[in-house]
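Source file: my_file36.csv (CSV, C-alpha atoms and all ligand atoms)
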chain,number,residue,atom,x,y,z
A,1250,MET,CA,290.5,126.3,29.4
A,1251,PHE,CA,293.3,128.2,31.1
A,1252,LYS,CA,296.7,127.9,29.5
A,1253,PRO,CA,299.6,129.3,31.6
A,1254,PRO,CA,301.3,132.1,29.6
A,1255,ARG,CA,304.7,131.5,31.2
A,1256,CYS,CA,306.5,129.8,34.1
A,1257,PRO,CA,305.8,131.9,37.2
A,1258,TYR,CA,309.3,131.4,38.6
A,1259,ARG,CA,311.6,134.3,37.7
A,1260,PRO,CA,314.9,132.5,37.5
A,1261,CYS,CA,313.5,129.9,35.1
A,1262,SER,CA,314.3,130.2,31.3
A,1263,GLN,CA,310.5,129.8,30.6
A,1264,HIS,CA,309.7,132.9,32.6
A,1265,LYS,CA,310.9,135.5,30.2
A,1266,SER,CA,310.5,133.8,26.9
A,1267,PRO,CA,308.3,130.7,27.3
A,1268,ALA,CA,308.3,128.1,24.6
A,1269,ARG,CA,304.9,127.1,23.1
A,1270,LYS,CA,304.6,123.9,25.2
A,1271,PHE,CA,306.7,124.7,28.2
A,1272,CYS,CA,304.5,122.9,30.7
A,1273,ILE,CA,302.3,119.9,31.0
A,1274,ARG,CA,299.3,119.2,33.2
A,1275,HIS,CA,300.1,117.8,36.6
A,1276,GLY,CA,297.0,116.7,38.5
A,1277,THR,CA,294.6,118.9,40.4
A,1278,TYR,CA,294.1,120.1,44.0
A,1279,ALA,CA,291.1,121.2,46.1
A,1280,PRO,CA,291.6,124.6,47.6
A,1281,ARG,CA,289.9,125.2,51.0
A,1282,CYS,CA,288.3,128.5,49.9
A,1283,ARG,CA,286.8,127.3,46.7
A,1284,SER,CA,284.4,124.5,45.7
A,1285,ARG,CA,286.0,123.5,42.4
A,1286,ARG,CA,289.3,121.6,42.0
A,1287,VAL,CA,292.1,123.5,40.5
A,1288,GLN,CA,294.4,122.3,37.6
A,1289,ARG,CA,298.1,122.0,38.4
A,1290,PHE,CA,300.9,122.3,35.8
A,1291,ARG,CA,304.5,121.3,35.7
A,1292,CYS,CA,307.2,123.3,33.9
A,1293,LEU,CA,309.3,121.0,31.7
A,1294,SER,CA,312.3,123.2,32.2
A,1295,CYS,CA,312.6,123.8,35.9
A,1296,LYS,CA,310.2,121.0,36.9
A,1297,ARG,CA,308.4,123.2,39.4
A,1298,THR,CA,304.7,123.0,39.6
A,1299,PHE,CA,302.1,125.8,39.7
A,1300,SER,CA,298.4,126.3,39.0
A,1301,ARG,CA,296.0,128.8,37.6
A,1302,GLN,CA,295.9,130.2,41.1
A,1303,THR,CA,299.6,131.1,41.0
A,1304,PHE,CA,298.7,133.7,38.3
A,1305,ARG,CA,295.8,135.2,40.3
A,1306,ALA,CA,296.0,138.5,42.2
A,1307,ASP,CA,294.6,136.8,45.3
A,1308,TYR,CA,297.3,134.1,45.3
A,1309,ARG,CA,298.0,133.1,48.9
A,1310,ASP,CA,295.3,135.5,50.3
A,1311,GLN,CA,293.2,134.7,53.2
A,1312,LYS,CA,289.4,135.2,52.6
A,1313,PRO,CA,290.0,136.1,48.9
A,1314,HIS,CA,286.2,136.4,48.4
A,1315,LEU,CA,286.2,139.6,50.5
A,1316,ASN,CA,288.7,141.5,48.3
A,1317,ALA,CA,286.2,142.9,45.8
A,1318,VAL,CA,283.8,144.0,48.5
A,1319,LEU,CA,286.6,145.6,50.4
A,1320,PHE,CA,287.7,147.4,47.2
A,1321,THR,CA,284.2,148.7,46.6
A,1322,MET,CA,283.8,149.9,50.2
A,1323,ILE,CA,287.1,151.8,50.2
A,1324,ALA,CA,286.4,153.2,46.7
A,1325,SER,CA,283.1,154.5,48.1
A,1326,GLY,CA,284.7,156.5,50.8
A,1327,ILE,CA,284.2,154.2,53.7
A,1328,GLY,CA,287.1,154.1,56.2
A,1329,ILE,CA,289.4,151.2,56.8
A,1330,ARG,CA,288.1,150.6,60.3
A,1331,GLN,CA,284.5,150.7,59.3
A,1332,SER,CA,285.2,148.4,56.4
A,1333,ALA,CA,286.9,146.0,58.8
A,1334,ARG,CA,283.9,146.0,61.1
A,1335,ASN,CA,281.5,145.5,58.1
A,1336,LEU,CA,283.4,142.5,56.8
A,1337,GLY,CA,284.3,141.0,60.2
A,1338,LEU,CA,288.0,141.3,59.5
A,1339,THR,CA,290.7,142.5,61.9
A,1340,LEU,CA,292.1,146.0,61.3
A,1341,ARG,CA,295.5,144.5,60.6
A,1342,CYS,CA,294.2,142.0,58.1
A,1343,THR,CA,292.2,144.8,56.3
A,1344,GLU,CA,295.2,147.0,56.1
A,1345,LEU,CA,297.4,144.3,54.7
A,1346,LYS,CA,294.7,143.4,52.1
A,1347,LEU,CA,294.5,147.0,51.0
A,1348,ARG,CA,298.2,147.4,50.6
A,1349,LYS,CA,298.3,144.3,48.4
A,1350,ILE,CA,295.3,145.5,46.4
A,1351,GLY,CA,296.8,149.0,46.0
A,1352,ARG,CA,300.2,147.6,44.8
A,1353,HIS,CA,298.3,145.3,42.4
A,1354,LEU,CA,296.1,148.1,41.0
A,1355,ARG,CA,299.1,150.4,40.5
A,1356,ARG,CA,300.5,147.8,38.1
A,1357,LEU,CA,297.2,147.2,36.5
A,1358,ASN,CA,296.7,150.9,35.8
A,1359,LEU,CA,300.1,151.2,34.2
A,1360,ASN,CA,299.7,148.0,32.2
A,1361,LEU,CA,296.4,149.0,30.7
A,1362,GLN,CA,297.4,152.5,29.6
A,1363,GLY,CA,297.6,152.9,25.8
A,1364,GLN,CA,298.1,155.9,23.6
A,1365,LEU,CA,296.0,159.1,23.7
A,1366,PRO,CA,294.3,160.5,20.6
A,1367,ALA,CA,296.2,162.5,18.0
A,1368,GLU,CA,295.0,165.7,19.7
A,1369,ALA,CA,295.6,165.0,23.3
A,1370,LYS,CA,293.8,167.2,25.9
A,1371,LEU,CA,295.0,167.2,29.4
A,1372,HIS,CA,294.2,168.9,32.7
A,1373,PHE,CA,296.7,169.2,35.5
A,1374,ASP,CA,296.4,170.5,39.0
A,1375,GLU,CA,297.7,170.0,42.6
A,1376,ILE,CA,295.6,169.6,45.7
A,1377,GLU,CA,296.8,169.9,49.2
A,1378,THR,CA,296.4,167.4,52.0
A,1379,TYR,CA,298.6,166.1,54.8
A,1380,GLU,CA,300.0,163.0,56.5
A,1381,GLY,CA,299.5,162.5,60.2
A,1382,GLN,CA,299.1,166.2,61.2
A,1383,ARG,CA,297.7,169.0,59.2
A,1384,ASN,CA,299.7,171.9,60.6
A,1385,THR,CA,303.1,170.3,60.4
A,1386,ARG,CA,303.2,167.7,57.7
A,1387,PRO,CA,301.4,168.9,54.6
A,1388,LEU,CA,301.4,167.1,51.2
A,1389,SER,CA,300.8,168.2,47.7
A,1390,VAL,CA,299.0,165.8,45.3
A,1391,PRO,CA,299.6,166.5,41.6
A,1392,ILE,CA,296.8,165.1,39.4
A,1393,LEU,CA,296.8,164.7,35.6
A,1394,ILE,CA,293.7,163.7,33.7
A,1395,GLU,CA,292.6,163.4,30.1
A,1396,SER,CA,290.1,166.2,29.7
A,1397,GLU,CA,287.3,164.7,27.7
A,1398,THR,CA,287.1,161.2,29.2
A,1399,ARG,CA,288.1,162.2,32.7
A,1400,PHE,CA,290.7,159.4,32.7
A,1401,ILE,CA,293.1,159.8,35.6
A,1402,ILE,CA,296.5,159.4,34.1
A,1403,TRP,CA,298.4,159.8,37.3
A,1404,ALA,CA,298.3,161.1,40.8
A,1405,GLU,CA,300.8,160.8,43.6
A,1406,SER,CA,301.7,162.6,46.8
A,1407,ALA,CA,304.8,164.7,47.6
A,1408,THR,CA,305.9,166.3,50.9
A,1409,ILE,CA,305.9,170.1,51.1
A,1410,ARG,CA,307.1,172.5,53.7
A,1411,PRO,CA,304.4,173.8,56.1
A,1412,ARG,CA,303.3,177.3,55.1
A,1413,GLY,CA,300.7,179.9,56.0
A,1414,THR,CA,300.2,181.7,59.3
A,1415,MET,CA,302.9,180.7,61.8
A,1416,THR,CA,301.9,181.1,65.4
A,1417,LYS,CA,304.3,180.4,68.3
A,1418,LYS,CA,302.5,177.2,69.0
A,1419,ARG,CA,302.6,176.1,65.3
A,1420,LEU,CA,306.4,176.8,65.1
A,1421,LYS,CA,306.9,174.6,68.1
A,1422,ALA,CA,304.8,171.8,66.6
A,1423,ILE,CA,306.8,172.0,63.4
A,1424,ALA,CA,310.1,171.9,65.3
A,1425,ASP,CA,308.8,168.8,67.2
A,1426,ALA,CA,307.7,167.1,64.1
A,1427,GLU,CA,311.1,167.7,62.4
A,1428,LYS,CA,312.8,166.2,65.4
A,1429,ARG,CA,310.7,163.1,65.0
A,1430,HIS,CA,310.5,162.7,61.2
A,1431,GLY,CA,313.6,164.7,60.0
A,1432,ILE,CA,313.6,168.0,58.0
A,1433,ARG,CA,310.6,168.2,55.8
A,1434,LYS,CA,311.8,168.6,52.2
A,1435,ASP,CA,309.8,170.2,49.4
A,1436,ARG,CA,309.4,167.4,46.8
A,1437,SER,CA,306.5,168.8,44.9
A,1438,ARG,CA,308.5,170.0,41.8
A,1439,ARG,CA,309.9,166.5,41.2
A,1440,SER,CA,306.5,165.0,41.7
A,1441,VAL,CA,304.9,167.5,39.2
A,1442,ARG,CA,307.5,166.6,36.7
A,1443,ARG,CA,307.0,162.8,37.2
A,1444,THR,CA,303.2,163.2,36.9
A,1445,LEU,CA,303.4,165.2,33.7
A,1446,GLN,CA,305.9,162.6,32.3
A,1447,ARG,CA,303.3,159.9,32.8
A,1448,GLY,CA,301.2,161.9,30.4
A,1449,ALA,CA,304.0,162.3,27.9
A,1450,LYS,CA,304.3,158.5,27.7
A,1451,LEU,CA,300.6,158.3,26.7
A,1452,ALA,CA,301.0,161.2,24.2
A,1453,ARG,CA,304.0,159.8,22.3
A,1454,THR,CA,302.0,159.5,19.1
A,1455,SER,CA,299.9,162.7,19.6
A,1456,ARG,CA,300.5,165.5,17.2
A,1457,THR,CA,299.3,168.2,19.5
A,1458,VAL,CA,298.9,168.4,23.3
A,1459,LEU,CA,296.5,170.9,24.9
A,1460,LEU,CA,297.4,171.3,28.6
A,1461,ASN,CA,295.1,173.2,31.0
A,1462,THR,CA,296.5,174.4,34.3
A,1463,ASP,CA,296.3,177.3,36.7
A,1464,GLU,CA,298.9,180.1,36.6
A,1465,LYS,CA,301.5,178.6,38.9
A,1466,LEU,CA,304.8,180.0,37.6
A,1467,SER,CA,306.8,176.8,37.7
A,1468,TYR,CA,304.4,174.9,35.3
A,1469,PRO,CA,305.3,176.4,31.8
A,1470,SER,CA,309.0,175.4,31.8
A,1471,ILE,CA,308.3,171.9,33.1
A,1472,ALA,CA,305.4,171.4,30.6
A,1473,ASN,CA,307.5,172.7,27.7
A,1474,ARG,CA,310.3,170.4,28.5
A,1475,THR,CA,308.0,167.4,29.0
A,1476,TYR,CA,305.8,167.7,26.0
A,1477,GLY,CA,308.0,169.6,23.6
A,1478,LYS,CA,307.3,173.3,22.9
A,1479,ALA,CA,306.4,172.7,19.2
A,1480,ARG,CA,303.3,170.6,19.8
A,1481,LEU,CA,302.2,171.9,23.2
A,1482,SER,CA,299.6,174.6,23.7
A,1483,HIS,CA,299.4,175.5,27.4
A,1484,GLN,CA,296.3,177.3,28.5
A,1485,LYS,CA,296.6,179.0,31.9
A,1486,THR,CA,293.6,180.0,34.0
A,1487,ASN,CA,293.5,182.1,37.1
A,1488,SER,CA,292.6,179.8,40.0
A,1489,LYS,CA,290.6,182.5,41.6
A,1490,LEU,CA,288.0,182.3,38.8
A,1491,ALA,CA,284.6,181.0,40.1
A,1492,ARG,CA,284.6,177.2,39.8
A,1493,TRP,CA,281.6,176.8,37.6
A,1494,THR,CA,281.1,174.8,34.4
A,1495,TRP,CA,282.3,177.5,32.1
A,1496,ASN,CA,285.6,177.7,34.0
A,1497,PRO,CA,288.3,176.2,31.7
A,1498,LEU,CA,289.5,174.2,34.7
A,1499,PHE,CA,286.1,172.7,35.3
A,1500,ALA,CA,287.1,169.2,34.3
A,1501,ILE,CA,289.9,168.9,36.9
A,1502,ASN,CA,288.0,170.9,39.5
A,1503,SER,CA,285.1,168.4,39.3
A,1504,GLU,CA,287.4,165.4,39.4
A,1505,GLU,CA,289.1,166.8,42.5
A,1506,ALA,CA,285.7,167.2,44.1
A,1507,ILE,CA,284.9,163.6,43.3
A,1508,MET,CA,288.2,162.5,44.8
A,1509,ARG,CA,287.7,164.5,48.0
A,1510,ASP,CA,284.3,162.9,48.3
A,1511,LEU,CA,285.1,159.3,47.5
A,1512,MET,CA,288.5,159.2,49.2
A,1513,GLY,CA,287.7,159.5,52.8
A,1514,ARG,CA,291.3,160.5,53.6
A,1515,LEU,CA,291.2,163.6,51.4
A,1516,ARG,CA,288.0,164.9,53.0
A,1517,ARG,CA,288.5,168.1,55.0
A,1518,GLU,CA,287.9,167.8,58.8
A,1519,SER,CA,287.8,164.0,58.5
A,1520,TRP,CA,289.0,161.3,60.9
A,1521,LEU,CA,290.3,159.3,58.0
A,1522,VAL,CA,293.7,160.7,57.7
A,1523,SER,CA,296.6,159.0,56.0
A,1524,LYS,CA,299.2,158.2,58.6
A,1525,LYS,CA,301.8,157.7,56.0
A,1526,ARG,CA,302.3,159.2,52.6
A,1527,ARG,CA,302.9,155.9,50.8
A,1528,PHE,CA,299.5,154.6,51.9
A,1529,LEU,CA,297.9,157.7,50.4
A,1530,ASP,CA,299.6,156.8,47.2
A,1531,LEU,CA,298.1,153.3,47.2
A,1532,ALA,CA,294.7,154.8,48.0
A,1533,LEU,CA,295.1,157.1,45.0
A,1534,GLN,CA,295.7,154.0,42.8
A,1535,LEU,CA,292.5,152.4,44.2
A,1536,HIS,CA,290.6,155.5,43.3
A,1537,ALA,CA,292.1,155.8,39.9
A,1538,THR,CA,291.1,152.2,39.1
A,1539,TYR,CA,287.6,152.8,40.3
A,1540,ARG,CA,287.3,156.0,38.3
A,1541,ASN,CA,289.0,154.8,35.1
A,1542,ILE,CA,287.9,151.3,34.8
A,1543,VAL,CA,284.9,150.5,37.0
A,1544,ARG,CA,282.8,153.7,37.1
A,1545,LYS,CA,280.9,155.4,34.2
A,1546,ARG,CA,282.4,158.7,33.0
A,1547,PHE,CA,279.2,160.6,33.8
A,1548,ASN,CA,275.9,159.2,35.1
A,1549,ARG,CA,274.3,159.6,31.7
A,1550,ASP,CA,277.1,157.5,30.1
A,1551,GLU,CA,277.4,153.8,29.8
A,1552,GLU,CA,281.2,153.8,29.2
A,1553,SER,CA,284.1,154.1,31.6
A,1554,PRO,CA,287.0,156.6,30.9
A,1555,ALA,CA,289.3,153.7,29.9
A,1556,GLN,CA,286.7,152.4,27.5
A,1557,LEU,CA,286.2,155.8,25.9
A,1558,LEU,CA,289.9,156.0,25.3
A,1559,GLY,CA,289.9,152.5,23.7
A,1560,PHE,CA,292.1,150.9,26.5
A,1561,LEU,CA,289.4,148.4,27.4
A,1562,PRO,CA,286.4,147.0,25.4
A,1563,ARG,CA,284.0,147.5,28.4
A,1564,ARG,CA,283.7,148.5,32.0
A,1565,LEU,CA,285.2,146.0,34.5
A,1566,SER,CA,283.7,144.7,37.7
A,1567,PRO,CA,285.6,145.0,41.0
A,1568,THR,CA,286.2,141.2,40.8
A,1569,GLU,CA,287.7,141.6,37.3
A,1570,VAL,CA,290.1,144.3,38.2
A,1571,LEU,CA,291.3,142.1,41.0
A,1572,SER,CA,291.6,139.0,38.9
A,1573,TRP,CA,295.1,138.3,37.4
A,1574,ARG,CA,298.4,139.3,38.8
A,1575,GLN,CA,300.0,142.2,37.0
A,1576,ASP,CA,303.6,142.0,38.0
A,1577,TRP,CA,304.9,141.1,34.6
A,1578,GLN,CA,304.1,144.3,32.8
A,1579,GLU,CA,302.5,143.7,29.4
A,1580,GLN,CA,303.2,140.0,29.8
A,1581,SER,CA,300.7,139.9,32.6
A,1582,VAL,CA,297.4,138.2,31.9
A,1583,HIS,CA,294.7,140.6,30.5
A,1584,PRO,CA,292.0,141.1,33.2
A,1585,LEU,CA,289.3,140.0,30.6
A,1586,SER,CA,291.0,136.9,29.4
A,1587,MET,CA,289.7,133.6,30.9
A,1588,ARG,CA,292.3,131.5,29.1
A,1589,GLY,CA,295.4,133.4,30.2
A,1590,VAL,CA,296.1,135.6,27.2
A,1591,THR,CA,298.7,138.3,28.0
A,1592,ILE,CA,297.9,142.0,27.7
A,1593,ALA,CA,300.4,142.4,24.8
A,1594,ASP,CA,298.8,139.5,22.8
A,1595,TRP,CA,295.3,140.8,23.6
A,1596,ASN,CA,296.1,144.3,22.4
A,1597,SER,CA,297.8,143.1,19.2
A,1598,GLN,CA,294.7,140.9,18.5
A,1599,VAL,CA,292.5,143.9,19.0
A,1600,ALA,CA,294.7,146.0,16.7
A,1601,ALA,CA,294.7,143.2,14.0
A,1602,ALA,CA,290.9,143.0,14.2
A,1603,ALA,CA,290.4,146.8,13.7
A,1701,ZN,ZN,310.0,126.9,34.9

Translate the structure described by the file into structure tokens.
Ligand SMILES: [Zn+2]
Amino acid sequence: MFKPPRCPYRPCSQHKSPARKFCIRHGTYAPRCRSRRVQRFRCLSCKRTFSRQTFRADYRDQKPHLNAVLFTMIASGIGIRQSARNLGLTLRCTELKLRKIGRHLRRLNLNLQGQLPAEAKLHFDEIETYEGQRNTRPLSVPILIESETRFIIWAESATIRPRGTMTKKRLKAIADAEKRHGIRKDRSRRSVRRTLQRGAKLARTSRTVLLNTDEKLSYPSIANRTYGKARLSHQKTNSKLARWTWNPLFAINSEEAIMRDLMGRLRRESWLVSKKRRFLDLALQLHATYRNIVRKRFNRDEESPAQLLGFLPRRLSPTEVLSWRQDWQEQSVHPLSMRGVTIADWNSQVAAAA
């Protein structure tokens, strides 16, 4: 039986630190999109009512039963328009659904991250893509993964300046684009730092950190500052080395290949281009969820990367990753709890049992 973990209304005193019996049952209602009646509750403090549904990620969604299918389609590299056609949704509705799913998964990914092993092994790299137009609005996407489990710790996009061969035509296109969108700043360094810092949060308890990157000159100083020189060993590999399994960068090269394949918008010569950078970021979160939580590490495995790192006891289904709202950090309901146990309580129960 579901027990609300808190009052969902932020201004209420029972939101941040709920008392043990802060609410009582308050009748049921019959939602149009489901066959079963849903229990309502009433907060004894603010007197407002809510239900189990208030805590669900599909709260107030139209056609919530399509969310998991849409997630699977997009995570498999199908474009937004084609998914909309397949599901009989309008393009607008599909886009809005995806943005909401992306924001939800961003929180879920962060909420479920735990600590890496004592000897943390990381791979870091940047790939290039673009928003809107290839020759004028390029992007860099820093990606940080845990090397053994292939867990994607973080990936985000940053604007970079157009570079490479400049023809007269291209220079004009760049000038036109800058007139429309403003001067294009190079934000990649900041983005690299933020991505590596996400890893440092997970390596707080690690004695040593092994970081594998290519030989880009800006990496060593950022890495030393982020992880601490004393425990960091930074292995640099020439990026021109053939990309075969013996290449020390193989783990990240192969993850990038999977990303380019499964994220339609990273594919070269594709129609599925990100019109805006922030939607690429949401798509990256979708991919990270699929990669870390839903998919097996390798085809021969049974476990997901998150499971191998001990962040989750098993792989989750698309329905499960889209289950409970995740906007209360560790106080959000754990995706595997039926009764409404928070992630913090879940993890301390797991720690106590071990
Ligand atoms: Zn309340």

Residues of chain A that approach ligand ZN 1701 (chain A) to 10 Å or less, counting all atoms listed in the file: could you list each one with the shortest pair of atoms and its distance in Å to one decimal, rows by chain and increasing residue number, as CSV?
residue,atom,partner,partner_atom,distance
A:Arg1255,CA,A:ZN1701,ZN,7.9
A:Cys1256,CA,A:ZN1701,ZN,4.6
A:Pro1257,CA,A:ZN1701,ZN,6.9
A:Tyr1258,CA,A:ZN1701,ZN,5.9
A:Arg1259,CA,A:ZN1701,ZN,8.1
A:Pro1260,CA,A:ZN1701,ZN,7.9
A:Cys1261,CA,A:ZN1701,ZN,4.6
A:Ser1262,CA,A:ZN1701,ZN,6.5
A:Gln1263,CA,A:ZN1701,ZN,5.2
A:His1264,CA,A:ZN1701,ZN,6.4
A:Lys1265,CA,A:ZN1701,ZN,9.8
A:Pro1267,CA,A:ZN1701,ZN,8.7
A:Phe1271,CA,A:ZN1701,ZN,7.8
A:Cys1272,CA,A:ZN1701,ZN,8.0
A:Arg1291,CA,A:ZN1701,ZN,7.9
A:Cys1292,CA,A:ZN1701,ZN,4.7
A:Leu1293,CA,A:ZN1701,ZN,6.7
A:Ser1294,CA,A:ZN1701,ZN,5.1
A:Cys1295,CA,A:ZN1701,ZN,4.2
A:Lys1296,CA,A:ZN1701,ZN,6.2
A:Arg1297,CA,A:ZN1701,ZN,6.0
A:Thr1298,CA,A:ZN1701,ZN,8.1
A:Phe1299,CA,A:ZN1701,ZN,9.3

Long-range neighbours of region 1390-1404 of chain A as a compact mmCIF listing (two decimals) with C-alpha atoms, in the frame of the given file, 10 Å cut-off, only C-alpha atoms, 6 positions minimum in chain:
# COMPACT_ATOMS: atom_id res chain seq x y z
CA ARG A 1355 299.10 150.40 40.50
CA ASN A 1358 296.70 150.90 35.80
CA LEU A 1359 300.10 151.20 34.20
CA GLN A 1362 297.40 152.50 29.60
CA LEU A 1365 296.00 159.10 23.70
CA ALA A 1369 295.60 165.00 23.30
CA LYS A 1370 293.80 167.20 25.90
CA LEU A 1371 295.00 167.20 29.40
CA HIS A 1372 294.20 168.90 32.70
CA PHE A 1373 296.70 169.20 35.50
CA ASP A 1374 296.40 170.50 39.00
CA GLU A 1375 297.70 170.00 42.60
CA ILE A 1376 295.60 169.60 45.70
CA GLU A 1377 296.80 169.90 49.20
CA THR A 1378 296.40 167.40 52.00
CA TYR A 1379 298.60 166.10 54.80
CA SER A 1437 306.50 168.80 44.90
CA ARG A 1438 308.50 170.00 41.80
CA SER A 1440 306.50 165.00 41.70
CA VAL A 1441 304.90 167.50 39.20
CA ARG A 1442 307.50 166.60 36.70
CA ARG A 1443 307.00 162.80 37.20
CA THR A 1444 303.20 163.20 36.90
CA LEU A 1445 303.40 165.20 33.70
CA GLN A 1446 305.90 162.60 32.30
CA ARG A 1447 303.30 159.90 32.80
CA GLY A 1448 301.20 161.90 30.40
CA LEU A 1451 300.60 158.30 26.70
CA LEU A 1459 296.50 170.90 24.90
CA LEU A 1460 297.40 171.30 28.60
CA ASN A 1461 295.10 173.20 31.00
CA THR A 1462 296.50 174.40 34.30
CA LEU A 1498 289.50 174.20 34.70
CA PHE A 1499 286.10 172.70 35.30
CA ALA A 1500 287.10 169.20 34.30
CA ILE A 1501 289.90 168.90 36.90
CA SER A 1503 285.10 168.40 39.30
CA GLU A 1504 287.40 165.40 39.40
CA GLU A 1505 289.10 166.80 42.50
CA LEU A 1529 297.90 157.70 50.40
CA ASP A 1530 299.60 156.80 47.20
CA LEU A 1533 295.10 157.10 45.00
CA GLN A 1534 295.70 154.00 42.80
CA HIS A 1536 290.60 155.50 43.30
CA ALA A 1537 292.10 155.80 39.90
CA THR A 1538 291.10 152.20 39.10
CA ARG A 1540 287.30 156.00 38.30
CA ASN A 1541 289.00 154.80 35.10
CA ILE A 1542 287.90 151.30 34.80
CA LYS A 1545 280.90 155.40 34.20
CA ARG A 1546 282.40 158.70 33.00
CA PHE A 1547 279.20 160.60 33.80
CA GLU A 1552 281.20 153.80 29.20
CA SER A 1553 284.10 154.10 31.60
CA PRO A 1554 287.00 156.60 30.90
CA ALA A 1555 289.30 153.70 29.90
CA GLN A 1556 286.70 152.40 27.50
CA LEU A 1557 286.20 155.80 25.90
CA LEU A 1558 289.90 156.00 25.30

List as an mmCIF file with C-alpha atoms, in the coordinates of the input: which residues have an atom within 10 Å of (285.0, 145.4, 44.7), counting all atoms listed in the file?
data_model
loop_
_atom_site.group_PDB
_atom_site.id
_atom_site.type_symbol
_atom_site.label_atom_id
_atom_site.label_comp_id
_atom_site.auth_asym_id
_atom_site.auth_seq_id
_atom_site.Cartn_x
_atom_site.Cartn_y
_atom_site.Cartn_z
ATOM 1 C CA HIS A 1314 286.200 136.400 48.400
ATOM 2 C CA LEU A 1315 286.200 139.600 50.500
ATOM 3 C CA ASN A 1316 288.700 141.500 48.300
ATOM 4 C CA ALA A 1317 286.200 142.900 45.800
ATOM 5 C CA VAL A 1318 283.800 144.000 48.500
ATOM 6 C CA LEU A 1319 286.600 145.600 50.400
ATOM 7 C CA PHE A 1320 287.700 147.400 47.200
ATOM 8 C CA THR A 1321 284.200 148.700 46.600
ATOM 9 C CA MET A 1322 283.800 149.900 50.200
ATOM 10 C CA ILE A 1323 287.100 151.800 50.200
ATOM 11 C CA ALA A 1324 286.400 153.200 46.700
ATOM 12 C CA SER A 1325 283.100 154.500 48.100
ATOM 13 C CA TYR A 1539 287.600 152.800 40.300
ATOM 14 C CA VAL A 1543 284.900 150.500 37.000
ATOM 15 C CA SER A 1566 283.700 144.700 37.700
ATOM 16 C CA PRO A 1567 285.600 145.000 41.000
ATOM 17 C CA THR A 1568 286.200 141.200 40.800
ATOM 18 C CA GLU A 1569 287.700 141.600 37.300
ATOM 19 C CA VAL A 1570 290.100 144.300 38.200
ATOM 20 C CA LEU A 1571 291.300 142.100 41.000
#

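What separates CA of Ala1422 (chain A) from CA of Met1512 (chain A) is a distance of 27.0 Å.
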
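Note that the spacing between CA of Ser1597 (chain A) and CA of Phe1251 (chain A) amounts to 19.6 Å.
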